[in-house]
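Notes to accompany the following structure.
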Amino acid sequence: MAAVQDAPMELDAEKETKPEILSDGTSNLSGNTASGTLSSPPLTAGGAPKQEDQQTLIAVLQFLRRNKLTESVEILRREACLEDQEDSQTLDGSGGGKGDGDGGDANSLLSRVSIASAAAPQIISSTSMYDQPDVSVVLSAYSQQGDPSLYQVYYSSLKNFIESVLDCHRAELSQLFYPLFVHMYLELVYNNHENKAKAFFEKFSGDQECYYQDDLRILCGLTKKEHLKGNEALLDFRTSRFVLRISRDSYQLLKRHLQERHNNQIWNIIQEHLYIDIFDGMPRSKSQIDSMSGSFAGETRREVNKAKVFYGLLKEPEIEVPLDDEDDEAENEEGKPKKKKTKKDSMGSKSKKQDPNAPQQNRIPLPELKDSDKLDKIMYMKESTKRIRLGPENLPSICFYSFLNAYQGLTAVDFTDDSSLLAGGFADSTVRVWSATPKKLRKVKSAAELNLIDKESDDVLERIMDEKTASESKNLYGHSGPVYGVSFSPDRNYLLSSSEDGTVRLWSLQTFTCLVGYKGHNYPVWDTHFSPFGYYFVSGGHDRVARLWATDHYQPLRIFAGHLADVTCTRFHPNSNYVVTGSTDRTIRLWDVLNGNCVRFFTGHKGPIHSLAFSPNGKFLASGSTDGRVLLWDIGHGLMIGELKGHTDTIYALKFSRDGEILASGSMDNTVRLWDSMKAFDDMETDDFTAATGHIHLPDNSQELLLGMYHSKSTPVTHLHFTRRNLLLAAGAYNSQ
């Protein structure tokens, strides 16, 4: 059944996923084949395969029967509508077609098989890439190939045609070059035409877009059939259909050209390996296409980002904020206190109303607020009243923490929400925690000493700390490989660290010891991040999946599978109902914590994504990658709404100010840049979003949005953090070379 399962999908028969393709009338290019077994019939005026194709299918059925695969025989007979025919007519090979009626059934046989087997793995599935198909089955698709000496002719013919069409169609049809080039090259390699494959690569690799150069470097190393087996990149490219978004007019031009030239080879690849998302309207410009292109599997399908996302913030708990001490001491001349004993924070009062875009409070179970959490909430609200309002005329001050003599190799940094603690992960497998205030770090006393403490005393929390252990920093040992991610819990009691050793460790900041080692990833874990409400955390690694955990469970609660390469960065949405992941496949995915579904899928970056940040209101997302660009996304509409250009190296840090007015970005180019995020969001009217095409024109206004650029001497920026009063903290390791 491998041949039937791997059969390519008919472009004109995708009734569920692409109804718009059916509306262009009949196609003369319906002669599709099953991979590796069914022969490819030449195209005729009516698109009908020859009589030999029925005999080929009968041969498949005979093979299945000889191997006693009776269930597979019945499935194939049923799907191919052979149930009403007797064995003497079909399976023993003695019966040919019977009259005109049988001949008609034979002519439509293959197309029925293709339609029935159209359930190819799709990249929008949250589990499709986690359960990898058999390598031999995947590679068998490349055994069906034409004359190898004509591959250059086929490709050159299409290239000359695309370069000769009108400019408005050329940009869209040029998207075909890269996926066709890759699949034709792999077919030549698989069928042991090494010299012809090398010549094909050398002739046409230079025509590909610059953002595919990294992929081409990997591809040029695959020169023999043995190299293809077990290659993850090839497996991903083969199993996920490359998505192209093309206007109907451009698609009709392409189809007409292939019909006239009878270019079976190109059309078979388009049918089997590509997904053409056709839209009605004007063709897109080169800049619009480039802004969304660059990912490992093409663009985003429009239907993927139609799911409802509850991006609003949860309703804040009712907490009364006491007056400041100076106000408390102010009394009138009679010595009586003022009438108003408490006040509510202005920022907090805004969220007392239920946001219509917010999820239900109990949509996912969240931990209850402890007394210490309520006290911290009060402190946060009091700090908020003294927060500096930022804007183009009022930029934040920046405090840079430089790690000097960090010969261990600084790999990760994080601050607590109140900016009192700083943690660093190092390549020598250690984690180190510093106090960012004059208050030193202390451990809890031993159990024997705790028994001697009066538990009823008012200062019991102070008495349990051991003054003899006070120091400015603490080292945490336990990992057996470089530490790539660190994250503090909101209550500052715990610290997470992820490592090359495949584990995530939870450390107590009371005893400075490891409490739990979470084992689930099979390879290095690149990042981990605590939920804004604590309890939950997310991790992502080299195994191409992200995992959702709870601190009291040693097994993951959810596995978010779908990325085609390493998951390099992870973040929780401010309402904790969603997780966003960035990957080296150059895509960003938003996952629903409740059910594990991928609800947003963003493409546009030209390099691996290394930084992500949500706006404080939860409506927008910023992402940074090795291409030096910051992209802005609208979560509700599922569209890119801005592009910030200026950095010359990888962007490792992104952070919005507490009120969302400013976006800060830090890069390996030793700079911190401040952007006017509110202007970027306000300039893009959401009413202008076109549902029909799903794309917009991005203004090139990076210089207008850039508010400031600040250079360090020789320190790449690893992390950024805004304090509760909107002071910007930056951190990185000084590079003396």
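Ligands are numbered from 1 in the order shown, residues from 1 within each chain, and chains are lettered A, B, ... in the order they appear in the structure tokens.
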
Pull the closest atom pair for each residue of range 513-602 of chain A that gets at most 12 Å from range 414-424 of chain A, along with the distance in Å to one decimal, counting only C-alpha atoms, ordering rows by chain and then ascending residue number, as a tab-separated table.
residue	atom	partner	partner_atom	distance
A:Asp527	CA	A:Asp414	CA	11.7
A:Thr528	CA	A:Asp414	CA	11.0
A:His529	CA	A:Asp414	CA	10.0
A:Phe530	CA	A:Thr416	CA	11.1
A:Pro532	CA	A:Asp417	CA	9.7
A:Phe533	CA	A:Asp417	CA	11.8

Problem - Non-local contacts of range 218-235 of chain A (7 Å; only C-alpha atoms; under 5 positions in same chain excluded) as a list in words - result: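 In the requested form, the answer reads Val135, Val189, Tyr190, Asn192 and Glu194 of chain A.
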
Problem - Distance criterion (only C-alpha atoms): nearest to Asp280 in chain A out of A:Ser157, A:Gln265, A:Ser247, A:Thr626 - result: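 Residue with the minimum atom-to-atom distance to Asp280 in chain A: A:Ser247.
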
Exercise for the section: Using only C-alpha atoms, find the one residue out of A:Trp675, A:Tyr734, A:Phe602, A:Tyr652 that sits nearest to Gly708 in chain A. Expected result: A:Trp675

Practice task
Compare A:Leu69, A:Ile364, A:Leu509, A:Leu707 by their minimum atom-to-atom distance to Ser473 in chain A, counting only C-alpha atoms, and give me the closest one.
Solution key: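 Comparing A:Leu69, A:Ile364, A:Leu509, A:Leu707 against Ser473 in chain A, the winner is A:Leu509.
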
Could you pull out the alpha helix (DSSP H) residues of range 631-716 of chain A, going by DSSP on the backbone, and write them as a PDB file with N, CA, C and O atoms, in the first residue's frame?
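Contents of part.pdb, freshly written:
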ATOM      1  N   SER A 677       6.819  51.611  18.709  1.00  0.00           N
ATOM      2  CA  SER A 677       5.902  50.512  18.395  1.00  0.00           C
ATOM      3  C   SER A 677       4.460  50.996  18.243  1.00  0.00           C
ATOM      4  O   SER A 677       3.714  50.479  17.408  1.00  0.00           O
ATOM      5  N   MET A 678       4.064  51.995  19.024  1.00  0.00           N
ATOM      6  CA  MET A 678       2.681  52.473  18.928  1.00  0.00           C
ATOM      7  C   MET A 678       2.413  53.084  17.557  1.00  0.00           C
ATOM      8  O   MET A 678       1.339  52.891  16.985  1.00  0.00           O
ATOM      9  N   LYS A 679       3.367  53.805  17.030  1.00  0.00           N
ATOM     10  CA  LYS A 679       3.199  54.383  15.688  1.00  0.00           C
ATOM     11  C   LYS A 679       3.116  53.278  14.638  1.00  0.00           C
ATOM     12  O   LYS A 679       2.324  53.353  13.698  1.00  0.00           O
ATOM     13  N   ALA A 680       3.938  52.237  14.813  1.00  0.00           N
ATOM     14  CA  ALA A 680       3.901  51.121  13.856  1.00  0.00           C
ATOM     15  C   ALA A 680       2.541  50.440  13.867  1.00  0.00           C
ATOM     16  O   ALA A 680       2.008  50.073  12.809  1.00  0.00           O
ATOM     17  N   PHE A 681       1.945  50.290  15.060  1.00  0.00           N
ATOM     18  CA  PHE A 681       0.642  49.638  15.149  1.00  0.00           C
ATOM     19  C   PHE A 681      -0.478  50.559  14.676  1.00  0.00           C
ATOM     20  O   PHE A 681      -1.415  50.118  14.013  1.00  0.00           O
ATOM     21  N   ASP A 682      -0.384  51.834  15.018  1.00  0.00           N
ATOM     22  CA  ASP A 682      -1.445  52.775  14.649  1.00  0.00           C
ATOM     23  C   ASP A 682      -1.476  53.044  13.151  1.00  0.00           C
ATOM     24  O   ASP A 682      -2.537  53.290  12.582  1.00  0.00           O
ATOM     25  N   ASP A 683      -0.312  53.015  12.510  1.00  0.00           N
ATOM     26  CA  ASP A 683      -0.255  53.308  11.077  1.00  0.00           C
ATOM     27  C   ASP A 683      -0.957  52.243  10.249  1.00  0.00           C
ATOM     28  O   ASP A 683      -1.390  52.505   9.129  1.00  0.00           O
ATOM     29  N   SER A 702      11.220  52.136   8.445  1.00  0.00           N
ATOM     30  CA  SER A 702      12.032  51.768   9.603  1.00  0.00           C
ATOM     31  C   SER A 702      12.737  52.978  10.206  1.00  0.00           C
ATOM     32  O   SER A 702      12.816  53.119  11.440  1.00  0.00           O
ATOM     33  N   GLN A 703      13.253  53.866   9.360  1.00  0.00           N
ATOM     34  CA  GLN A 703      13.976  55.025   9.877  1.00  0.00           C
ATOM     35  C   GLN A 703      13.047  55.980  10.620  1.00  0.00           C
ATOM     36  O   GLN A 703      13.455  56.632  11.584  1.00  0.00           O
ATOM     37  N   GLU A 704      11.798  56.067  10.194  1.00  0.00           N
ATOM     38  CA  GLU A 704      10.844  56.919  10.899  1.00  0.00           C
ATOM     39  C   GLU A 704      10.508  56.346  12.270  1.00  0.00           C
ATOM     40  O   GLU A 704      10.250  57.096  13.214  1.00  0.00           O
ATOM     41  N   LEU A 705      10.488  55.024  12.376  1.00  0.00           N
ATOM     42  CA  LEU A 705      10.120  54.377  13.633  1.00  0.00           C
ATOM     43  C   LEU A 705      11.295  54.233  14.592  1.00  0.00           C
ATOM     44  O   LEU A 705      11.085  53.985  15.782  1.00  0.00           O
TER      45      LEU A 705
END
